[in-house]
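The data block below is data_20.txt; it holds compact mmCIF, C-alpha atoms.
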# COMPACT_ATOMS: atom_id res chain seq x y z
CA MET A 143 30.44 30.43 -11.86
CA ILE A 144 31.03 27.11 -10.17
CA SER A 145 30.56 27.09 -6.45
CA SER A 146 31.19 24.44 -3.86
CA PRO A 147 28.59 21.65 -3.92
CA LEU A 148 28.10 22.16 -0.21
CA GLU A 149 27.11 25.78 -0.65
CA GLN A 150 23.49 24.80 -1.17
CA PHE A 151 23.26 23.83 2.51
CA GLU A 152 24.26 27.31 3.65
CA LEU A 153 21.70 28.82 6.03
CA ILE A 154 20.78 32.33 5.02
CA PRO A 155 19.00 34.37 7.71
CA LEU A 156 15.88 35.89 6.21
CA ILE A 157 14.50 37.67 9.25
CA PRO A 158 17.21 38.22 11.87
CA ILE A 159 15.91 37.87 15.42
CA ARG A 160 18.34 38.24 18.30
CA PHE A 161 17.84 38.20 22.04
CA GLY A 162 21.17 39.22 23.48
CA ASP A 163 23.44 36.28 22.74
CA PHE A 164 20.65 34.08 21.45
CA ASP A 165 20.20 34.08 17.72
CA ILE A 166 16.86 32.65 16.57
CA SER A 167 16.63 34.23 13.14
CA ILE A 168 14.23 32.74 10.62
CA THR A 169 16.37 31.05 7.96
CA HIS A 170 15.92 29.31 4.63
CA SER A 171 15.42 26.07 6.50
CA THR A 172 12.45 27.42 8.45
CA LEU A 173 10.94 28.94 5.33
CA PHE A 174 11.06 25.73 3.31
CA MET A 175 9.87 23.69 6.28
CA LEU A 176 6.85 25.99 6.43
CA ILE A 177 6.32 25.83 2.67
CA ALA A 178 6.38 22.04 2.71
CA LEU A 179 3.99 21.67 5.63
CA THR A 180 1.63 24.40 4.42
CA THR A 181 1.40 22.76 1.01
CA PHE A 182 0.66 19.43 2.63
CA LEU A 183 -1.98 20.91 4.94
CA LEU A 184 -3.58 22.83 2.08
CA LEU A 185 -3.76 19.59 0.11
CA ILE A 186 -5.60 17.86 2.95
CA ARG A 187 -7.79 20.93 3.46
CA MET A 188 -8.72 20.92 -0.23
CA ILE A 189 -9.77 17.31 0.08
CA ILE A 190 -11.70 17.70 3.33
CA MET A 191 -13.44 20.92 2.29
CA ASN A 192 -14.63 19.38 -0.97
CA ASN A 193 -17.91 18.15 0.58
CA GLY A 194 -15.91 16.07 3.02
CA GLY A 195 -13.96 14.30 0.32
CA THR A 196 -15.22 12.14 -2.50
CA LEU A 197 -16.28 8.55 -2.08
CA VAL A 198 -14.24 7.46 -5.07
CA PRO A 199 -10.95 9.28 -4.42
CA ASN A 200 -9.41 11.58 -7.01
CA ARG A 201 -5.67 11.66 -7.59
CA TRP A 202 -4.76 14.11 -4.82
CA GLN A 203 -6.96 12.29 -2.41
CA VAL A 204 -5.23 9.01 -3.26
CA ILE A 205 -1.89 10.55 -2.24
CA VAL A 206 -3.17 11.78 1.11
CA GLU A 207 -5.06 8.58 1.80
CA GLY A 208 -1.96 6.59 0.90
CA ILE A 209 0.05 8.48 3.51
CA TYR A 210 -2.80 8.06 5.99
CA ASP A 211 -3.10 4.32 5.38
CA LEU A 212 0.65 3.78 5.49
CA SER A 213 1.06 5.63 8.79
CA MET A 214 -1.99 3.80 10.15
CA MET A 215 -0.56 0.43 9.14
CA MET A 216 2.98 0.96 10.47
CA PRO A 217 2.22 1.29 14.22
CA HIS A 218 -0.65 -1.17 13.92
CA GLU A 219 1.58 -3.93 12.58
CA THR A 220 4.80 -3.15 14.45
CA ILE A 221 3.51 -2.47 17.96
CA THR A 222 2.14 -5.75 19.22
CA GLY A 223 -0.86 -6.19 21.47
CA ASN A 224 -3.12 -3.67 19.68
CA LYS A 225 -1.42 -0.73 21.35
CA GLY A 226 -0.40 0.97 18.12
CA GLN A 227 -3.55 2.99 17.56
CA LYS A 228 -2.69 5.82 19.94
CA TYR A 229 0.67 6.48 18.27
CA PHE A 230 -0.94 6.95 14.87
CA PRO A 231 -1.06 10.81 15.02
CA LEU A 232 2.62 10.98 15.98
CA ILE A 233 3.66 8.61 13.22
CA PHE A 234 1.48 10.45 10.74
CA SER A 235 3.02 13.83 11.64
CA LEU A 236 6.59 12.52 11.68
CA PHE A 237 6.20 10.64 8.42
CA SER A 238 4.49 13.47 6.58
CA PHE A 239 6.92 16.04 8.01
CA VAL A 240 9.99 14.14 6.83
CA LEU A 241 8.38 13.13 3.53
CA THR A 242 7.21 16.61 2.57
CA CYS A 243 10.50 18.22 3.58
CA ASN A 244 12.41 15.65 1.52
CA ILE A 245 10.17 16.04 -1.52
CA VAL A 246 10.17 19.85 -1.40
CA GLY A 247 13.96 19.68 -1.24
CA MET A 248 13.98 17.96 -4.63
CA VAL A 249 12.66 21.10 -6.33
CA PRO A 250 15.63 22.98 -7.85
CA TYR A 251 16.72 26.09 -5.94
CA SER A 252 14.78 25.01 -2.88
CA PHE A 253 16.24 23.93 0.43
CA THR A 254 16.04 20.57 2.18
CA ALA A 255 15.35 21.12 5.86
CA THR A 256 16.09 17.45 6.61
CA SER A 257 19.61 17.75 5.23
CA HIS A 258 20.63 19.53 8.42
CA LEU A 259 21.87 17.56 11.37
CA SER A 260 20.21 19.92 13.85
CA ILE A 261 16.77 19.30 12.34
CA THR A 262 17.09 15.53 12.16
CA LEU A 263 18.62 15.46 15.62
CA GLY A 264 15.62 17.41 16.87
CA LEU A 265 13.23 14.93 15.28
CA ALA A 266 15.20 11.97 16.57
CA SER A 267 15.23 13.37 20.09
CA ILE A 268 11.44 13.74 19.96
CA VAL A 269 11.33 10.00 19.29
CA PHE A 270 14.09 9.04 21.72
CA PHE A 271 12.96 11.02 24.73
CA GLY A 272 9.33 10.25 24.00
CA TYR A 273 10.21 6.56 23.92
CA ALA A 274 12.10 6.80 27.21
CA ILE A 275 9.29 8.71 28.94
CA ILE A 276 6.60 6.31 27.71
CA GLY A 277 8.67 3.32 28.81
CA ILE A 278 9.35 4.70 32.28
CA ARG A 279 5.74 5.73 32.84
CA LYS A 280 4.53 2.33 31.79
CA HIS A 281 7.07 0.01 33.38
CA GLY A 282 8.88 2.18 35.93
CA ILE A 283 12.14 0.64 37.09
CA ARG A 284 11.56 -2.44 34.92
CA MET A 285 12.54 -0.23 31.99
CA LEU A 286 16.12 -1.04 33.02
CA GLU A 287 15.53 -4.56 31.75
CA LEU A 288 16.37 -3.12 28.37
CA TYR A 289 19.95 -2.80 29.60
CA TYR A 290 20.04 -6.04 31.54
CA PRO A 291 17.53 -8.59 30.19
CA ALA A 292 15.97 -10.92 32.73
CA GLY A 293 17.47 -14.40 32.81
CA VAL A 294 21.01 -13.39 31.91
CA SER A 295 23.60 -14.63 34.37
CA LEU A 296 25.40 -12.11 36.54
CA VAL A 297 28.75 -13.08 35.01
CA LEU A 298 27.70 -11.62 31.69
CA ALA A 299 26.43 -8.38 33.23
CA PRO A 300 29.63 -6.32 32.79
CA LEU A 301 29.60 -7.31 29.13
CA ILE A 302 25.93 -6.93 28.32
CA VAL A 303 25.14 -3.69 30.13
CA PRO A 304 27.67 -1.53 28.21
CA ILE A 305 26.68 -3.14 24.91
CA GLU A 306 23.00 -2.45 25.50
CA LEU A 307 23.80 1.05 26.71
CA ILE A 308 25.72 1.81 23.54
CA ALA A 309 22.95 0.26 21.44
CA GLN A 310 20.37 2.45 23.12
CA ILE A 311 22.34 5.65 22.78
CA SER A 312 23.35 4.95 19.21
CA ARG A 313 19.68 4.85 18.31
CA ILE A 314 19.27 8.59 18.48
CA ILE A 315 22.48 9.02 16.50
CA SER A 316 21.63 6.45 13.83
CA LEU A 317 18.10 7.81 13.44
CA SER A 318 19.28 11.36 12.89
CA VAL A 319 22.51 10.72 11.00
CA ARG A 320 20.88 8.26 8.59
CA LEU A 321 18.32 10.80 7.42
CA PHE A 322 20.72 13.74 7.36
CA ALA A 323 23.50 11.86 5.58
CA ASN A 324 21.20 10.40 2.95
CA MET A 325 19.70 13.77 2.14
CA MET A 326 23.00 15.58 2.13
CA ALA A 327 24.84 12.96 0.08
CA GLY A 328 22.07 12.85 -2.51
CA HIS A 329 21.92 16.59 -2.96
CA THR A 330 25.70 16.93 -3.06
CA LEU A 331 25.90 14.22 -5.71
CA LEU A 332 23.25 15.92 -7.83
CA LYS A 333 25.04 19.22 -7.51
CA VAL A 334 28.41 17.70 -8.42
CA ILE A 335 27.05 15.99 -11.52
CA ALA A 336 25.11 19.08 -12.57
CA GLY A 337 28.27 21.17 -12.25
CA PHE A 338 30.16 18.54 -14.22
CA ALA A 339 27.59 18.70 -17.04
CA TRP A 340 27.73 22.49 -16.99
CA GLN A 341 31.50 22.52 -17.37
CA MET A 342 31.43 19.95 -20.18
CA MET A 343 28.81 21.98 -22.03
CA SER A 344 30.93 25.11 -22.05
CA LEU A 345 34.11 23.38 -23.29
CA GLY A 346 33.47 22.52 -26.95
CA THR A 347 31.39 20.71 -29.56
CA ALA A 348 32.51 17.12 -28.86
CA LEU A 349 32.08 17.58 -25.15
CA PHE A 350 28.79 19.36 -25.74
CA ILE A 351 27.43 16.12 -27.22
CA ALA A 352 28.99 14.08 -24.42
CA HIS A 353 27.40 16.24 -21.76
CA LEU A 354 23.99 14.95 -22.82
CA VAL A 355 25.01 11.59 -21.34
CA THR A 356 25.80 13.29 -18.07
CA LEU A 357 22.42 14.99 -18.15
CA ALA A 358 20.74 11.62 -18.68
CA VAL A 359 22.60 10.24 -15.66
CA LEU A 360 21.52 13.29 -13.69
CA THR A 361 17.88 12.71 -14.62
CA MET A 362 18.09 9.10 -13.50
CA LEU A 363 19.73 10.16 -10.25
CA ILE A 364 16.87 12.57 -9.61
CA GLY A 365 14.49 9.63 -9.89
CA LEU A 366 16.67 7.73 -7.46
CA GLU A 367 16.73 10.66 -5.07
CA LEU A 368 12.94 10.85 -5.13
CA ALA A 369 12.85 7.19 -4.15
CA VAL A 370 15.40 7.84 -1.38
CA ALA A 371 13.29 10.77 -0.14
CA PHE A 372 10.34 8.44 0.29
CA ILE A 373 12.31 5.50 1.66
CA GLN A 374 14.09 7.60 4.29
CA ALA A 375 10.78 9.00 5.52
CA TYR A 376 9.40 5.46 5.69
CA VAL A 377 12.48 4.17 7.52
CA PHE A 378 12.28 7.00 10.04
CA ALA A 379 8.64 6.23 10.76
CA ILE A 380 9.07 2.47 10.96
CA LEU A 381 12.07 2.75 13.30
CA THR A 382 10.01 5.06 15.51
CA CYS A 383 7.36 2.34 15.60
CA ILE A 384 9.93 -0.30 16.54
CA TYR A 385 11.30 1.81 19.40
CA LEU A 386 7.79 2.56 20.65
CA ASN A 387 7.07 -1.16 20.55
CA GLU A 388 9.98 -1.73 22.92
CA ALA A 389 8.72 0.98 25.23
CA GLU A 390 5.28 -0.62 25.25
CA ASN A 391 6.23 -4.27 25.47
CA LEU A 392 9.87 -4.39 26.74
CA HIS A 393 11.18 -6.65 23.91
CA MET B 172 30.13 21.92 6.10
CA PRO B 173 27.36 24.32 7.08
CA GLN B 174 25.63 21.48 8.94
CA PHE B 175 28.20 21.50 11.72
CA ASP B 176 28.10 25.23 12.23
CA THR B 177 27.00 25.24 15.85
CA VAL B 178 25.92 28.88 15.73
CA THR B 179 22.85 27.93 13.73
CA PHE B 180 21.76 25.05 15.98
CA LEU B 181 19.72 27.16 18.37
CA SER B 182 17.63 28.87 15.72
CA GLN B 183 17.16 25.60 13.82
CA LEU B 184 16.02 23.69 16.87
CA PHE B 185 13.84 26.55 18.10
CA TRP B 186 11.96 26.86 14.81
CA LEU B 187 11.76 23.09 14.40
CA THR B 188 10.09 22.87 17.80
CA VAL B 189 7.65 25.66 16.99
CA VAL B 190 6.81 24.38 13.52
CA PHE B 191 6.55 20.71 14.45
CA TYR B 192 4.45 21.36 17.54
CA THR B 193 2.08 23.58 15.55
CA PHE B 194 1.91 21.02 12.76
CA TYR B 195 1.18 18.20 15.21
CA MET B 196 -1.55 20.13 16.97
CA VAL B 197 -3.18 21.33 13.75
CA VAL B 198 -3.09 17.83 12.27
CA ILE B 199 -4.62 16.27 15.39
CA ARG B 200 -7.35 18.88 15.84
CA ASN B 201 -8.43 19.76 12.33
CA PHE B 202 -7.16 17.33 9.74
CA LEU B 203 -7.13 13.76 10.98
CA PRO B 204 -10.83 13.72 12.00
CA GLY B 205 -11.85 14.79 8.50
CA LEU B 206 -9.68 12.15 6.84
CA THR B 207 -10.89 9.47 9.23
CA ARG B 208 -14.49 10.39 8.47
CA ILE B 209 -13.96 9.92 4.72
CA LEU B 210 -12.42 6.49 5.21
CA LYS B 211 -15.10 5.36 7.69
CA VAL B 212 -17.92 6.43 5.41
CA ARG B 213 -16.28 4.58 2.55
CA ARG B 214 -15.84 1.40 4.59
CA LYS B 215 -19.52 1.50 5.62
CA LYS B 216 -20.64 2.08 2.04
CA LEU B 217 -18.52 -0.81 0.84
CA ASN B 218 -19.94 -3.12 3.52
CA LEU B 219 -23.47 -2.08 2.60
CA GLY B 220 -22.76 -2.63 -1.08
CA ALA B 221 -21.32 -6.05 -0.35
CA LYS B 222 -24.42 -6.96 1.67
CA GLN B 223 -26.79 -5.82 -1.05
CA GLY B 224 -24.69 -7.59 -3.62
CA SER B 225 -24.89 -10.86 -1.73
CA ALA B 226 -28.69 -10.47 -1.44
CA PHE B 227 -28.94 -10.07 -5.18
CA GLU B 228 -26.71 -13.07 -5.66
CA GLN B 229 -28.90 -15.24 -3.41
CA GLU B 230 -31.99 -14.18 -5.35
CA THR B 231 -30.31 -15.05 -8.63
CA VAL B 232 -29.34 -18.48 -7.32
CA ALA B 233 -32.88 -19.13 -6.05
CA THR B 234 -34.43 -18.06 -9.34
CA ASN B 235 -32.06 -20.26 -11.30
CA LEU B 236 -32.85 -23.20 -9.01
CA SER B 237 -36.63 -22.91 -9.39
CA TYR B 238 -36.29 -22.45 -13.14
CA ASP B 239 -34.21 -25.63 -13.32
CA ASN B 240 -36.77 -27.49 -11.20
CA ILE B 241 -39.66 -26.48 -13.43
CA ILE B 242 -37.76 -27.35 -16.59
CA GLY B 243 -36.80 -30.72 -15.10
CA GLN B 244 -40.38 -31.57 -14.09
CA LYS B 245 -41.80 -30.65 -17.46
CA ALA B 246 -39.10 -32.55 -19.28
CA GLY B 247 -39.94 -35.65 -17.21
CA THR B 248 -43.63 -35.32 -18.03
CA SER B 249 -43.00 -35.02 -21.73
CA ARG B 250 -40.59 -37.95 -21.63
CA THR B 251 -43.20 -40.25 -20.03
CA LEU B 252 -45.82 -39.04 -22.47
CA LEU B 253 -43.54 -39.78 -25.39
CA ALA B 254 -42.59 -43.23 -24.07
CA ASP B 255 -46.27 -44.00 -23.47
CA THR B 256 -47.20 -43.06 -27.01
CA VAL B 257 -44.37 -45.11 -28.48
CA LEU B 258 -45.40 -48.17 -26.43
CA LYS B 259 -49.06 -47.84 -27.43
CA THR B 260 -48.12 -47.45 -31.07
CA THR B 261 -45.90 -50.52 -31.02
CA ASN B 262 -48.61 -52.63 -29.35
CA TRP B 263 -51.23 -51.44 -31.80
CA THR B 264 -48.97 -52.15 -34.76
CA GLN B 265 -48.22 -55.70 -33.59
CA ALA B 266 -51.87 -56.43 -32.83
CA THR B 267 -52.98 -55.12 -36.18
CA ALA B 268 -50.33 -57.09 -38.05
CA GLU B 269 -51.34 -60.32 -36.28
CA LEU B 270 -54.99 -59.61 -36.91
CA THR B 271 -54.51 -58.98 -40.61
CA ASN B 272 -52.27 -62.02 -41.05
CA ASN B 273 -54.79 -64.38 -39.41
CA SER B 274 -57.94 -63.19 -41.09
CA GLY B 275 -59.70 -63.82 -44.44
CA ASP B 276 -57.95 -63.50 -47.75
CA LEU B 277 -54.51 -62.78 -46.43
CA LYS B 278 -54.51 -66.06 -44.47
CA GLN B 279 -55.37 -68.04 -47.62
CA ALA B 280 -52.79 -66.13 -49.60
CA ASN B 281 -50.20 -66.91 -47.00
CA ALA B 282 -51.08 -70.58 -47.00
CA GLN B 283 -50.97 -70.73 -50.80
CA TYR B 284 -47.65 -68.92 -50.83
CA LEU B 285 -46.19 -71.34 -48.32
CA ASN B 286 -47.51 -74.37 -50.28
CA SER B 287 -46.14 -73.14 -53.55
CA SER B 288 -42.79 -72.25 -52.07
CA ILE B 289 -42.58 -75.70 -50.51
CA ASN B 290 -43.44 -77.26 -53.91
CA ILE B 291 -40.81 -75.20 -55.64
CA THR B 292 -38.08 -75.99 -53.15
CA GLY B 293 -39.08 -79.68 -53.11
CA ARG B 294 -38.86 -79.82 -56.89
CA LYS B 295 -35.53 -78.11 -56.87
CA ILE B 296 -34.17 -80.61 -54.40
CA LEU B 297 -35.50 -83.49 -56.43
CA THR B 298 -34.12 -82.19 -59.74
CA SER B 299 -30.78 -81.30 -58.28
CA GLY B 300 -30.44 -84.88 -57.03
CA MET B 301 -30.52 -86.19 -60.60

Same coordinates, now as structure tokens:
Amino acid sequence: MISSPLEQFELIPLIPIRFGDFDISITHSTLFMLIALTTFLLLIRMIIMNNGGTLVPNRWQVIVEGIYDLSMMMPHETITGNKGQKYFPLIFSLFSFVLTCNIVGMVPYSFTATSHLSITLGLASIVFFGYAIIGIRKHGIRMLELYYPAGVSLVLAPLIVPIELIAQISRIISLSVRLFANMMAGHTLLKVIAGFAWQMMSLGTALFIAHLVTLAVLTMLIGLELAVAFIQAYVFAILTCIYLNEAENLH
Amino acid sequence: MPQFDTVTFLSQLFWLTVVFYTFYMVVIRNFLPGLTRILKVRRKKLNLGAKQGSAFEQETVATNLSYDNIIGQKAGTSRTLLADTVLKTTNWTQATAELTNNSGDLKQANAQYLNSSINITGRKILTSGM
């Protein structure tokens, strides 16, 4: 039975919850989001509970400390003027959320929460509105300098203001669509190639041997997808840092 | 595409908010302090180790230095002693040789030897002239 490669993104309600017209049923997406985060938290718990961690880290501890160090380094290096420290918990949660959801999605028959536009849009709006609120609280009306930089002549204003406005608004779109599209494209590609291999296998002896090549390609693509899962999480976190830097320092 | 099915947006966003907020709070309250503690303890231990290591290193350098000094001093002493002995021996040998050459039988023997060698060479010169 060959189904559409997009069928894997179908949301199946597990526990239907309805309030009148509002449907907030728990779906596959929620379940796998919870699985990913619970696994991650259990991993950290295992490390912390083990006499407060070992001085020479074991393998699991290296993973968690790697994520910790990376999300400590990103705001520290991107946000100038030593203001990055206070954004570390946010970056850590965003990075580990996206990373664990991406990685859990690589397990066959699981579901990638980040391959849904609504989820990535939600994450991106956390960043975007947070960035706007921080900027306005810190600089007040001077936040508008982002749209009209100081020192630009008034003649250029009708040109620069719309450009900057579009650049600002496209941030939320690029942040969410980049993650969602990468995840979705990767999983669709894997599904297409897996279906291709399956069909070749069932067609005859010569094609049965040829389908091994397809399987090899599929294995390599899984490696690539694992890399993409990490890179997209990293890109999401580093872009968050860059936006927060603008909110803190106004360019 | 199921992603653009707007019916699911509300439930997705609702549960994302709930899950992410809970995750954020749990991470801040319970997990980050523990991780930070591990890393701080390790940094302190490493600093301490580095300090102790440098103390050991200084001690090694000092020991090596004093050892070299002692060796150098003693080598100098033995060199002067050796040179002294060699000088004394040379002097004594010369003095003794002079003394023996200028005294008693050896002096006569020397004189006789010189005389006879002069005679022999003189005769040779004379005979060769013929």

Exercise for review: Return the neighbours of chain A among the residues of chain B, cut-off 12 Å, counting all atoms listed in the file, as a PyMOL selection string.
Suggested key: chain B and resi 172-217

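Between CA of Asp255 (chain B) and CA of Thr271 (chain B) the separation is 24.2 Å.
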
Check your understanding: What is the distance between CA of Cys383 (chain A) and CA of Met325 (chain A), in Å to one decimal?
Key -> 21.5 Å

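The interatomic distance for the pair CA of Leu363 (chain A) and CA of Ile205 (chain A) works out to 23.1 Å.
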
Practice item. Would you list the contacts of Leu288 (chain A) as a list in words, taking every protein, DNA or RNA residue within 10 Å and counting only C-alpha atoms, but skipping same-chain residues closer than 4 positions in sequence? Key: Arg284, Ala292, Val303, Glu306, Leu307, Gln310, Glu388, Ala389, Leu392 and His393 of chain A

Exercise for review: Write out as a list in words which residues come within 10 Å of Phe338 (chain A) when counting all atoms listed in the file, dropping same-chain ones fewer than 5 positions away.
Suggested key: Ile144, Leu332, Lys333, Met343, His353, Thr356 and Leu357 of chain A

Write the residues of the selection above to a file with C-alpha atoms, as a PDB file, keeping the file's coordinate frame.
ATOM      1  CA  ILE A 144      31.030  27.110 -10.170  1.00  0.00           C
ATOM      2  CA  LEU A 332      23.250  15.920  -7.830  1.00  0.00           C
ATOM      3  CA  LYS A 333      25.040  19.220  -7.510  1.00  0.00           C
ATOM      4  CA  MET A 343      28.810  21.980 -22.030  1.00  0.00           C
ATOM      5  CA  HIS A 353      27.400  16.240 -21.760  1.00  0.00           C
ATOM      6  CA  THR A 356      25.800  13.290 -18.070  1.00  0.00           C
ATOM      7  CA  LEU A 357      22.420  14.990 -18.150  1.00  0.00           C
TER       8      LEU A 357
END

Review point. Residues at most 6 Å from region 372-376 of chain A, counting all atoms listed in the file, excluding those fewer than 5 positions away in the same chain, as a ChimeraX atom specification?
Key: /A:237,240-241
